Amino acid sequence: MTIGGTGVMLLGCLVALAVFVGLARLLRGRLGPVTAVAIAGFCWTVVCIGILTLIPAEWGIGVVPADEAQTTCSLDYGGPAPDGFWILPGSQRLLNIAVFVPAGALWVLAVARWRTRWVLGPLGIAALGLYSLLIETAQLAAARIGRACDVTDMVDNIAGAVLGGLLGIVLALVLQPWRYGRPPVPGRR
């Protein structure tokens, strides 16, 4: 017997939200409100993506027998995609894109105040792509959670992260997190 379902997922995300609201409050004085909220929000979205993708979608899935477990990642691009959760009705593909958009946007907004943003921004988007690969690999390895490894999911997740990154650029131009001063240099007063 395993635990799962959208209720468990939502509870996990709410608990994580409380933790990361505290992180935002801790960072606010040092980094300014925009960067603090963006960093904490990015961390929260990454945790929520993990919760949404690695907790079974239904309560009590149990153990998938070894002879029924997926042994390779599906390379059938655009293959059969189930309906999304009740939270976001529509196709699973739309859901896979939508969950990565906030992470991409918040990452770009989080690094926008530093001069290295032109390197950190794309590196973070690439890291989100690797995170998607890690999630799909974990879904393949942990057959008991009733999830499937699918190349379509990875492509959709990366597309969501890139779209989010573009949204993050727009948000950075509007919110201008760099106007809250420079972050202090370690060792200097």
# chains A, B, ... in the order shown; residues from 1 in each chain; ligands from 1
$ residues_around --residues "region 20-34 of chain A" --least-positions-apart "5" --cutoff "12 Å" --atoms "only C-alpha atoms" --output "PyMOL selection string"
chain A and resi 13-15+39-48+106-114+168+171-185
$ write_last_selection --atoms "N, CA, C and O atoms" --output "short mmCIF file (atom, residue, chain, number, x, y, z; two decimals), in the first residue's frame"
data_model
loop_
_atom_site.label_atom_id
_atom_site.label_comp_id
_atom_site.auth_asym_id
_atom_site.auth_seq_id
_atom_site.Cartn_x
_atom_site.Cartn_y
_atom_site.Cartn_z
N CYS A 13 2.79 20.28 -1.04
CA CYS A 13 3.12 21.60 -1.58
C CYS A 13 2.81 22.71 -0.59
O CYS A 13 3.56 23.69 -0.50
N LEU A 14 1.74 22.58 0.16
CA LEU A 14 1.40 23.60 1.17
C LEU A 14 2.41 23.62 2.31
O LEU A 14 2.80 24.69 2.79
N VAL A 15 2.85 22.45 2.75
CA VAL A 15 3.87 22.39 3.80
C VAL A 15 5.16 23.02 3.29
O VAL A 15 5.81 23.82 3.99
N ILE A 39 13.87 33.69 -5.29
CA ILE A 39 14.69 32.55 -4.87
C ILE A 39 13.83 31.54 -4.11
O ILE A 39 13.85 30.34 -4.39
N ALA A 40 13.08 32.02 -3.14
CA ALA A 40 12.24 31.12 -2.35
C ALA A 40 11.16 30.48 -3.24
O ALA A 40 10.87 29.29 -3.11
N GLY A 41 10.58 31.26 -4.13
CA GLY A 41 9.56 30.74 -5.04
C GLY A 41 10.13 29.69 -5.98
O GLY A 41 9.49 28.67 -6.25
N PHE A 42 11.34 29.92 -6.47
CA PHE A 42 11.99 28.93 -7.33
C PHE A 42 12.19 27.62 -6.56
O PHE A 42 11.86 26.54 -7.06
N CYS A 43 12.73 27.71 -5.36
CA CYS A 43 12.95 26.51 -4.54
C CYS A 43 11.64 25.78 -4.30
O CYS A 43 11.57 24.55 -4.40
N TRP A 44 10.58 26.55 -4.00
CA TRP A 44 9.28 25.94 -3.76
C TRP A 44 8.76 25.22 -5.00
O TRP A 44 8.25 24.10 -4.92
N THR A 45 8.89 25.85 -6.17
CA THR A 45 8.38 25.21 -7.39
C THR A 45 9.15 23.94 -7.71
O THR A 45 8.56 22.95 -8.15
N VAL A 46 10.46 23.94 -7.47
CA VAL A 46 11.25 22.74 -7.73
C VAL A 46 10.80 21.60 -6.80
O VAL A 46 10.65 20.45 -7.23
N VAL A 47 10.56 21.92 -5.53
CA VAL A 47 10.07 20.90 -4.60
C VAL A 47 8.68 20.42 -5.03
O VAL A 47 8.40 19.21 -5.03
N CYS A 48 7.81 21.33 -5.41
CA CYS A 48 6.45 20.94 -5.84
C CYS A 48 6.48 20.09 -7.10
O CYS A 48 5.70 19.14 -7.23
N LEU A 106 10.89 32.12 -12.30
CA LEU A 106 11.44 32.52 -11.00
C LEU A 106 12.96 32.41 -10.97
O LEU A 106 13.64 33.22 -10.31
N TRP A 107 13.52 31.43 -11.67
CA TRP A 107 14.98 31.32 -11.72
C TRP A 107 15.58 32.55 -12.38
O TRP A 107 16.51 33.17 -11.87
N VAL A 108 15.06 32.92 -13.54
CA VAL A 108 15.60 34.08 -14.26
C VAL A 108 15.42 35.34 -13.43
O VAL A 108 16.33 36.17 -13.34
N LEU A 109 14.28 35.49 -12.78
CA LEU A 109 14.05 36.66 -11.92
C LEU A 109 15.00 36.65 -10.72
O LEU A 109 15.50 37.69 -10.30
N ALA A 110 15.28 35.46 -10.18
CA ALA A 110 16.17 35.34 -9.02
C ALA A 110 17.60 35.77 -9.33
O ALA A 110 18.28 36.36 -8.48
N VAL A 111 18.07 35.49 -10.54
CA VAL A 111 19.47 35.82 -10.87
C VAL A 111 19.61 37.14 -11.61
O VAL A 111 20.73 37.56 -11.93
N ALA A 112 18.52 37.82 -11.87
CA ALA A 112 18.53 39.04 -12.68
C ALA A 112 19.33 40.19 -12.06
O ALA A 112 19.80 41.07 -12.77
N ARG A 113 19.53 40.21 -10.76
CA ARG A 113 20.21 41.32 -10.12
C ARG A 113 21.73 41.23 -10.24
O ARG A 113 22.42 42.20 -10.00
N TRP A 114 22.26 40.08 -10.57
CA TRP A 114 23.71 39.90 -10.63
C TRP A 114 24.24 40.05 -12.05
O TRP A 114 23.56 39.75 -13.02
N GLY A 168 10.38 35.22 -17.30
CA GLY A 168 11.26 35.77 -16.27
C GLY A 168 12.01 37.01 -16.74
O GLY A 168 12.21 37.96 -15.97
N LEU A 171 9.51 39.80 -16.57
CA LEU A 171 9.30 40.17 -15.17
C LEU A 171 10.48 40.95 -14.61
O LEU A 171 10.30 41.92 -13.86
N ALA A 172 11.69 40.54 -14.96
CA ALA A 172 12.88 41.25 -14.48
C ALA A 172 12.92 42.68 -15.01
O ALA A 172 13.27 43.62 -14.27
N LEU A 173 12.55 42.87 -16.26
CA LEU A 173 12.53 44.23 -16.82
C LEU A 173 11.48 45.10 -16.15
O LEU A 173 11.68 46.30 -15.96
N VAL A 174 10.37 44.49 -15.77
CA VAL A 174 9.30 45.24 -15.11
C VAL A 174 9.63 45.51 -13.63
O VAL A 174 9.50 46.63 -13.14
N LEU A 175 10.09 44.48 -12.92
CA LEU A 175 10.30 44.58 -11.47
C LEU A 175 11.68 45.13 -11.08
O LEU A 175 11.86 45.58 -9.95
N GLN A 176 12.64 45.06 -11.98
CA GLN A 176 14.00 45.60 -11.79
C GLN A 176 14.60 45.26 -10.41
O GLN A 176 14.83 46.15 -9.59
N PRO A 177 14.88 43.98 -10.16
CA PRO A 177 15.42 43.60 -8.86
C PRO A 177 16.78 44.21 -8.55
O PRO A 177 17.16 44.30 -7.38
N TRP A 178 17.51 44.66 -9.53
CA TRP A 178 18.83 45.26 -9.32
C TRP A 178 18.76 46.62 -8.64
O TRP A 178 19.73 47.09 -8.10
N ARG A 179 17.61 47.24 -8.60
CA ARG A 179 17.54 48.57 -7.96
C ARG A 179 17.56 48.50 -6.45
O ARG A 179 17.58 49.52 -5.78
N TYR A 180 17.53 47.32 -5.88
CA TYR A 180 17.57 47.17 -4.43
C TYR A 180 19.00 47.10 -3.90
O TYR A 180 19.25 46.63 -2.82
N GLY A 181 19.95 47.56 -4.66
CA GLY A 181 21.34 47.62 -4.22
C GLY A 181 22.10 46.35 -4.56
O GLY A 181 21.56 45.36 -4.98
N ARG A 182 23.41 46.46 -4.41
CA ARG A 182 24.28 45.32 -4.70
C ARG A 182 24.33 44.38 -3.50
O ARG A 182 24.35 44.84 -2.38
N PRO A 183 24.42 43.09 -3.77
CA PRO A 183 24.60 42.17 -2.66
C PRO A 183 25.98 42.40 -2.04
O PRO A 183 26.93 42.73 -2.73
N PRO A 184 26.10 42.28 -0.71
CA PRO A 184 27.38 42.51 -0.09
C PRO A 184 28.42 41.49 -0.53
O PRO A 184 28.11 40.34 -0.81
N VAL A 185 29.67 41.95 -0.61
CA VAL A 185 30.79 41.07 -0.97
C VAL A 185 31.22 40.33 0.28
O VAL A 185 31.43 40.94 1.34
#
$ residues_around --residues "Gly129 (chain A)" --least-positions-apart "4" --cutoff "10 Å" --atoms "only C-alpha atoms" --output "PyMOL selection string"
chain A and resi 100+123-125+133-135+154-162
$ closest_residue --among "A:Leu11, A:Leu128, A:Val151, A:Leu163" --to "Val101 (chain A)" --atoms "only C-alpha atoms"
A:Leu163
$ closest_residue --among "A:Ala105, A:Ala141, A:Val99, A:Leu94" --to "Gly121 (chain A)" --atoms "only C-alpha atoms"
A:Ala105
